[in-house]
Each structure stands twice: as structure tokens, then as C-alpha cells.
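**Q** Here's a structure for you.
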Amino acid sequence: MFPECFHHTPRSNWAYAYDKDTIHLRVQTKRNDVEEITAVTGDKYDWDRCHEDVPMEKVAADHFFDYWEAAVKPKYKRFSYGFRLRSGDETIYMMESGLYPEQPYPAGGYYEFPYIHEIDIFTAPEWAKEAVFYQIMPDRFAKGNPDIDPEGVAEWRSPPAIDNFFGGDLQGIIDRLDHLSELGVTAIYLTPIFESPSYHKYDTVDYRKVDPHFGNTELLRKLVQACHNRSIRVVLDAVFNHTGEEFPPFQDVVKNGRKSQYADWFYVRSFPARVNDGVATYDTFGFYGHMPKLRTSNPVVKKYLLDVAEYWTRETDIDGWRLDVANEVDHHFWRDFRQTVKAVKPDAYIIGEVWSNSLMWLLGDQFDSVMNYPFADKAMSFFASEEVDGRTFAEQINHLLMCYPQQTSEVIFNLLSSHDTPRVLTRVGENKPRLKLAVVFLLTYIGTPCIFYGDEVGLKGGNDPECRPCMVWEMEGQDRELFDFYKLLINLRKKHSVLRSGRFRFLKADEGDSRIIYERLGEREHFTIWMNNTGDHTYLQHKMDTNDWHDALTGVHVPVLDGQQNVELEPFGYRILWRTIK
């Protein structure tokens, strides 16, 4: 064995409380090196009476490592533990104090989980695990009230630019809720709606005012209530990392310099606050001088922003927040933000915009979820071409899964495209069968899926601003077959709880082969999803122990012969098989 590849850390994503009774333990080893791992557990106060050996299961593998997992239910909510690793005739015991050829006397030097405190367990709103989200940019979704259009509004469906307005508004969303209900989504996420000079509203001027070109507070209440009447949740977008340059406190700083009462609301490196040769004398989002960065560690600024979050949560009964540029705001602020919002609405869903590993925000004291852009990147790299084989894709997805505790993965915000990326149809080269494979994966994978407005009817577009076109509402302009496909898969996910909370595991993902099989396994249901990410007609085989499999979409029985399931797949085709567990 290669002990230098062994890894375990007490707590974090390697040892965590999944619920009030259960601890999940994980161990990393070199790929294909270790044959068997057993978690050796017991209570340090009475080891002999409470000792239990728990077999670990190899649940995932990436390019370099295997990952093993076991669920332990300590009788007294505490336990000490170590690991017995075996390969052939070699056995190694791994403890916190080191590696040993024989088991050390318990429990000195063992790892320890001191106590399962229910208050410390990461818990996200249960509804988020069940949700299918739909992201909307209000200016580009639907026009409802032309009387509040901005000046110089562009013709609907003309090419999007970085600075044009199209006149979409909150009333337009209300008017089109039938579309969302028919599609089957259960939550919407709106990009910013507060007063701002831009169409996208990521440069806020007044945090307590709905932009008048979108509507007003009463109309927002009406939208939220209309959505709730249809069992659709509503999440708003907050930009607390920075403001717009027209934000009154910043304008006061521009006017009065260091004498301004708001001078320490921002990170002004030198006065006057201005932009010289494209670089501001104050910190900004990126190098955008019109987006000055807020000093959220300032108690006055913090109170101002937390009051904003509390106000909208309480006044309009929204169901959560998506937080822009969340990784550039201090952790102390987000901890207080969570407490503020959850005090008003305990089941509010908090999503941070973080584009990389986000574990430090997902320990139960800040966010419930993050936008899972790494998932989007890996999924699109596989489904958009045949350059990535099944093994590489599985390794990449498995690596992502091992980054977080299971309950985090169950509510992580998965997407294929958004307002910050090219449209999914464009990313697959406008190859609709490839697109369908990606959507099947999104809607049968672990986590909370989100659909970007218009993807379901075939909207296309490259990078910003092309990815932000106006929604097509004329039926002849929509791909209705694609809409029905999305609807079918959404309803399948809603119908079967195993697709929302069951274990995810690859069953086939080979080097040099773009055909994959994976499963979702629960206590009462079992799904296998078979995908042919090639342009060739093919057959896939896999060993199965039972002969009770049916096509989940047609109900047709799919036989198992001589212990093998043989599935025929068209080019870029898929089959979703299902059985009940008796």
C-alpha cells in the first residue's frame, strides 16, 4: 500500500454529522491500492461495551485517489475511531497519532468526534432539495406594463448589447406564470430588481426601492404571492459586495472626500475618489470604476445592509437570497447575514456566488448553497464534445462530490448556463441531442437544478451580452418539442424522490469511451441512467441482479438476460431505467 496517499481529517467534509444520529466518515487512498477499509469505532469511556467495526464502501474515484465512506450511528452521540486498511496480506491502522502495523490500545491517539450537537449540523431548507429553479433576468423576460419602460427602449428580440433596455418588468413575469407552471418549475431566482441605472441592476443605487422600470414594492408583493399560490418559491439577488457609482453615500464621498461621513463605507486608497487612466483610487468590483466596493466590516455599513435583507424578507415574504460576488465579502458579514435572514424566515434559502471550491462558506454558519459553476464546466466539457471520455468525466464529478458533505451536495445549486456564461444550446454547438443528454444529467443528478430562462425553448447566445437575449413568446418561435422534453424530465424528477435525495454513483465510465452508466439509489427506488455521448448507434451492457427494470419514461419492461442488462442506444441517446425496491 501507499500510506503517503492516505488522508482523513476529523470533522470538515471528512467526518461530519449528517443528521442528529449519524456521522459520515471518509478516507482517501491511492486509486486501486487498498482492497478493504474498516472503521474501528467505540466510546472512549467504555470501549469494550461500545466497540463496533463498520465496513467502509468505496463510493468514488478520481484520477489519483479512491474515496471510501461509512455511516456510523454512535449510541451515545460520541465516539472515537480509527481505520483498518488492508491490501492482500498487508494491514495498516491509521489513527490521528499515526500509522501502525497493529491496532493501538483504544482510545488514546484515535480520532474523535466528541458529540453530535444538533445545533451545529449543517441543515438547508428541505424545500430546496425538492426544488427545480428557473432563473429570470426581468428586463429580458416579459413586458407587462409599457408605461414604465425606460427611455429609448429597444425593440423586443433585437440583438442584446451591454447597455440596452428591452422593457421587461415584474408585471411581465406575473403575466407569464402559466408558462412556468406548465414547465413544472417550483422556484424562481430573479437577478437584481432594485433601483439602478443599468438593465442588469448589479450596480445598485437604492437598496430599498424596486427599480421603477420594473414596478414597485406592492407589485413585488403581488408577484411573490402569485408565485406562492402556484407553489413556486421566489429568491432575490442581492449585491452587497459593491454598489453603483450613483449610490448616494458614494456620491457624498466623491463630493466631500475624506470629510464625508461615508468615507469609511468604501475602500478609498487616496482622495479624491476618482478613476485615473482606467484605475480607480478606490477598491471596486474587478476594475469597474462605476462599482465601488463596500466596506462590509464597518458596523454602520453592515447594519445598513442587514436591515435591507431583513426588510425585503419580512415585507415581501420572499424565500431566499442569491448573493452576488459572495466570495469577496468577509465571512463575519455573511454569518450575521444568515442569522438576520433566518430569524425572519427560518427556511430561507441562501445561495452564494462562488465559482470555485466553496466549503468554507458551507459549514452551516453562512450559506445553504453556492452556484455550482464547477459542475457546469465539467458537464459541458463532456456533453459538448467527445474530447473528454467517460472515465475523465466521472473522475471530475466524483472529485466535486467529495468536496462537500452529502447534505451540502443535496442542495448545491446546479446549472448548465446563466447570465454569466454562454447558453447551453450554444455551448453544445446547437446540437440538440447533445443538449438533451446534458439536461438529463442535470435533472437526474444530486443537487438543486436551475434552468436559465429560455433554455427550455431553444434560446441561443455566446458570452455576455449575447447570452442575455429577450425571451421568445411567439409559439412559432419556440422549440416546443424541447419544451416538452424539459417538462418531461422535470416531472420525472418531481415524481421520484430518489432523483432528489438518493445516492449517486457511476456504474460504467471507461477510458477512451464516451458512454456512461450511473445510478441513483434510495431505500425504495433505484434508477440507472444509460448515456451514449457518441455519434454512433451502440449497445451498453451492465450486470444486474434483478429482472424488474422498466423504462421510467414509457413503462416498458427492460429484461435482464443471464444477469446482464443490454440496452440499445441511438447516437447521443439515453435510457432511464427504474425499479422499486421491495
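Naming scheme: A, B, ... for chains in displayed order of the C-alpha cells; residues 1 onward per chain; ligands 1 onward as shown.
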Please run DSSP on the backbone and report, as an MDAnalysis selection string, all residues within stretch 68-97 of chain A that come out as strand (DSSP E).

**A** chainID A and resid 68:72 79:87 90:95

**Q** Give me, as a list in words, all polymer residues having an atom no more than 9 Å from stretch 551-556 of chain A, counting only C-alpha atoms and skipping those fewer than 4 positions away in the same chain.

**A**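 My reading of the contact set: Leu488, Leu489, Leu492, Phe527, Arg575, Ile576, Leu577, Trp578 and Arg579 of chain A.
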
**Q** For stretch 168-171 of chain A, list every protein, DNA or RNA residue within 10 Å, evaluated using only C-alpha atoms, and leave out those in the same chain fewer than 5 positions away; present the list as a count of residues only.

**A** 32

**Q** Atom CA of A:Val34 to atom CA of A:Pro104: how many Å, to one decimal?

**A** 20.5 Å

**Q** Just to confirm, what's the straight-line distance from atom CA of A:Glu410 to atom CA of A:Asn357 in Å (one decimal)?

**A** 15.8 Å

**Q** For A:Leu435, work out the shell of residues within 8 Å, counting only C-alpha atoms and skipping chain neighbours fewer than 3 positions away, then give it as a PyMOL selection string.

**A** chain A and resi 383-384+424-425+428+430-432+438-439

**Q** Write out as a PyMOL selection string all residues of stretch 280-326 of chain A that backbone DSSP assigns to alpha helix (DSSP H).

**A** chain A and resi 299-316

**Q** Please produce a file of those selected residues containing C-alpha atoms, as an mmCIF file, in the first residue's frame.

**A**
data_model
loop_
_atom_site.group_PDB
_atom_site.id
_atom_site.type_symbol
_atom_site.label_atom_id
_atom_site.label_comp_id
_atom_site.auth_asym_id
_atom_site.auth_seq_id
_atom_site.Cartn_x
_atom_site.Cartn_y
_atom_site.Cartn_z
ATOM 1 C CA PRO A 299 -20.532 48.200 11.667
ATOM 2 C CA VAL A 300 -22.610 51.002 10.161
ATOM 3 C CA VAL A 301 -22.407 49.550 6.659
ATOM 4 C CA LYS A 302 -23.134 46.084 7.994
ATOM 5 C CA LYS A 303 -26.239 47.260 9.831
ATOM 6 C CA TYR A 304 -27.438 49.156 6.769
ATOM 7 C CA LEU A 305 -27.170 46.085 4.530
ATOM 8 C CA LEU A 306 -28.541 43.625 7.072
ATOM 9 C CA ASP A 307 -31.526 45.914 7.587
ATOM 10 C CA VAL A 308 -32.060 45.790 3.815
ATOM 11 C CA ALA A 309 -32.084 41.987 3.830
ATOM 12 C CA GLU A 310 -34.419 41.864 6.822
ATOM 13 C CA TYR A 311 -36.753 44.452 5.290
ATOM 14 C CA TRP A 312 -37.320 42.666 1.973
ATOM 15 C CA THR A 313 -37.560 39.224 3.562
ATOM 16 C CA ARG A 314 -40.180 40.427 6.015
ATOM 17 C CA GLU A 315 -42.092 42.871 3.821
ATOM 18 C CA THR A 316 -42.458 40.768 0.679
#

**Q** Compare A:Arg480, A:Arg338, A:His399, A:Arg221 by their minimum atom-to-atom distance to A:Gln28, counting only C-alpha atoms, and give me the closest one.

**A** A:His399

**Q** Considering only C-alpha atoms, state which residue in the set A:Glu69, A:Glu246, A:Glu474, A:Asp317 is at the smallest distance from A:Ile23.

**A** A:Glu69

**Q** List as a PyMOL selection string the protein and nucleic acid residues near A:Glu52, meaning an atom at most 7 Å away when only C-alpha atoms are counted, but skip any in the same chain fewer than 6 places from it.

**A** chain A and resi 40-42

**Q** To one decimal place, how far is atom CA of A:Ser409 from atom CA of A:Asn13 in Å?

**A**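 Going from atom CA of A:Ser409 over to atom CA of A:Asn13, I get 11.0 Å.
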
**Q** Quick one: residues within 9 Å of A:Ile451, only C-alpha atoms counted, chain neighbours fewer than 2 positions away excluded, as a list in words?

**A**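 Near neighbours after the sequence-gap exclusion: Val132, Phe133, Tyr134, Gln135, Val185, Asn414, Leu415, Leu416, Ser417, Ser418, Pro449, Tyr453, Gly454, Asp455 and Glu456 of chain A.
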
**Q** List the neighbours of A:Gly108 out to 12 Å using only C-alpha atoms; skip same-chain residues closer than 5 positions along the sequence, and give me the result as a short mmCIF file (atom, residue, chain, number, x, y, z; two decimals) with N, CA and C atoms, in the first residue's frame.

**A**
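Listing of out_30.cif after writing:
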data_model
loop_
_atom_site.label_atom_id
_atom_site.label_comp_id
_atom_site.auth_asym_id
_atom_site.auth_seq_id
_atom_site.Cartn_x
_atom_site.Cartn_y
_atom_site.Cartn_z
N GLY A 42 -15.64 3.17 18.74
CA GLY A 42 -16.03 2.85 20.11
C GLY A 42 -16.10 4.10 20.95
N ASP A 43 -16.65 3.95 22.14
CA ASP A 43 -16.74 5.07 23.08
C ASP A 43 -15.50 5.05 23.98
N LYS A 44 -14.81 6.18 24.05
CA LYS A 44 -13.57 6.21 24.81
C LYS A 44 -13.79 5.98 26.30
N TYR A 45 -15.03 6.18 26.75
CA TYR A 45 -15.32 5.98 28.17
C TYR A 45 -15.65 4.52 28.49
N TRP A 47 -14.91 1.43 25.90
CA TRP A 47 -14.64 0.92 24.56
C TRP A 47 -15.20 -0.48 24.34
N SER A 80 -14.89 7.55 19.46
CA SER A 80 -13.52 7.61 18.97
C SER A 80 -13.39 6.57 17.85
N TYR A 81 -12.41 6.78 16.98
CA TYR A 81 -12.34 5.87 15.84
C TYR A 81 -10.96 5.91 15.19
N GLY A 82 -10.70 4.87 14.44
CA GLY A 82 -9.54 4.77 13.58
C GLY A 82 -9.92 3.94 12.37
N MET A 95 -4.50 6.10 12.62
CA MET A 95 -5.06 6.83 13.76
C MET A 95 -4.63 8.30 13.66
N GLU A 96 -5.20 9.14 14.48
CA GLU A 96 -4.78 10.54 14.47
C GLU A 96 -3.30 10.67 14.84
N SER A 97 -2.83 9.76 15.67
CA SER A 97 -1.44 9.82 16.13
C SER A 97 -0.45 9.21 15.16
N GLY A 98 -0.92 8.53 14.09
CA GLY A 98 0.00 7.97 13.12
C GLY A 98 -0.49 6.67 12.52
N GLN A 103 -3.28 -2.77 15.83
CA GLN A 103 -4.20 -1.80 16.41
C GLN A 103 -3.69 -1.29 17.75
#

**Q** For A:Thr123, which of A:Asn491, A:Ser356, A:Thr580, A:Gln366 is the closest residue, counting only C-alpha atoms?

**A**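 Nearest candidate to A:Thr123 out of A:Asn491, A:Ser356, A:Thr580, A:Gln366: A:Gln366.
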
**Q** Pick from A:Val275, A:Ile119, A:Ile136, A:Met291: nearest to A:Pro197, with only C-alpha atoms counted?

**A**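 Closest residue, counting only C-alpha atoms: A:Met291.
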
**Q** Counting only C-alpha atoms, which of A:Phe572, A:Val472, A:Asp33, A:Gln406 gets nearest to A:Arg157?

**A** A:Val472
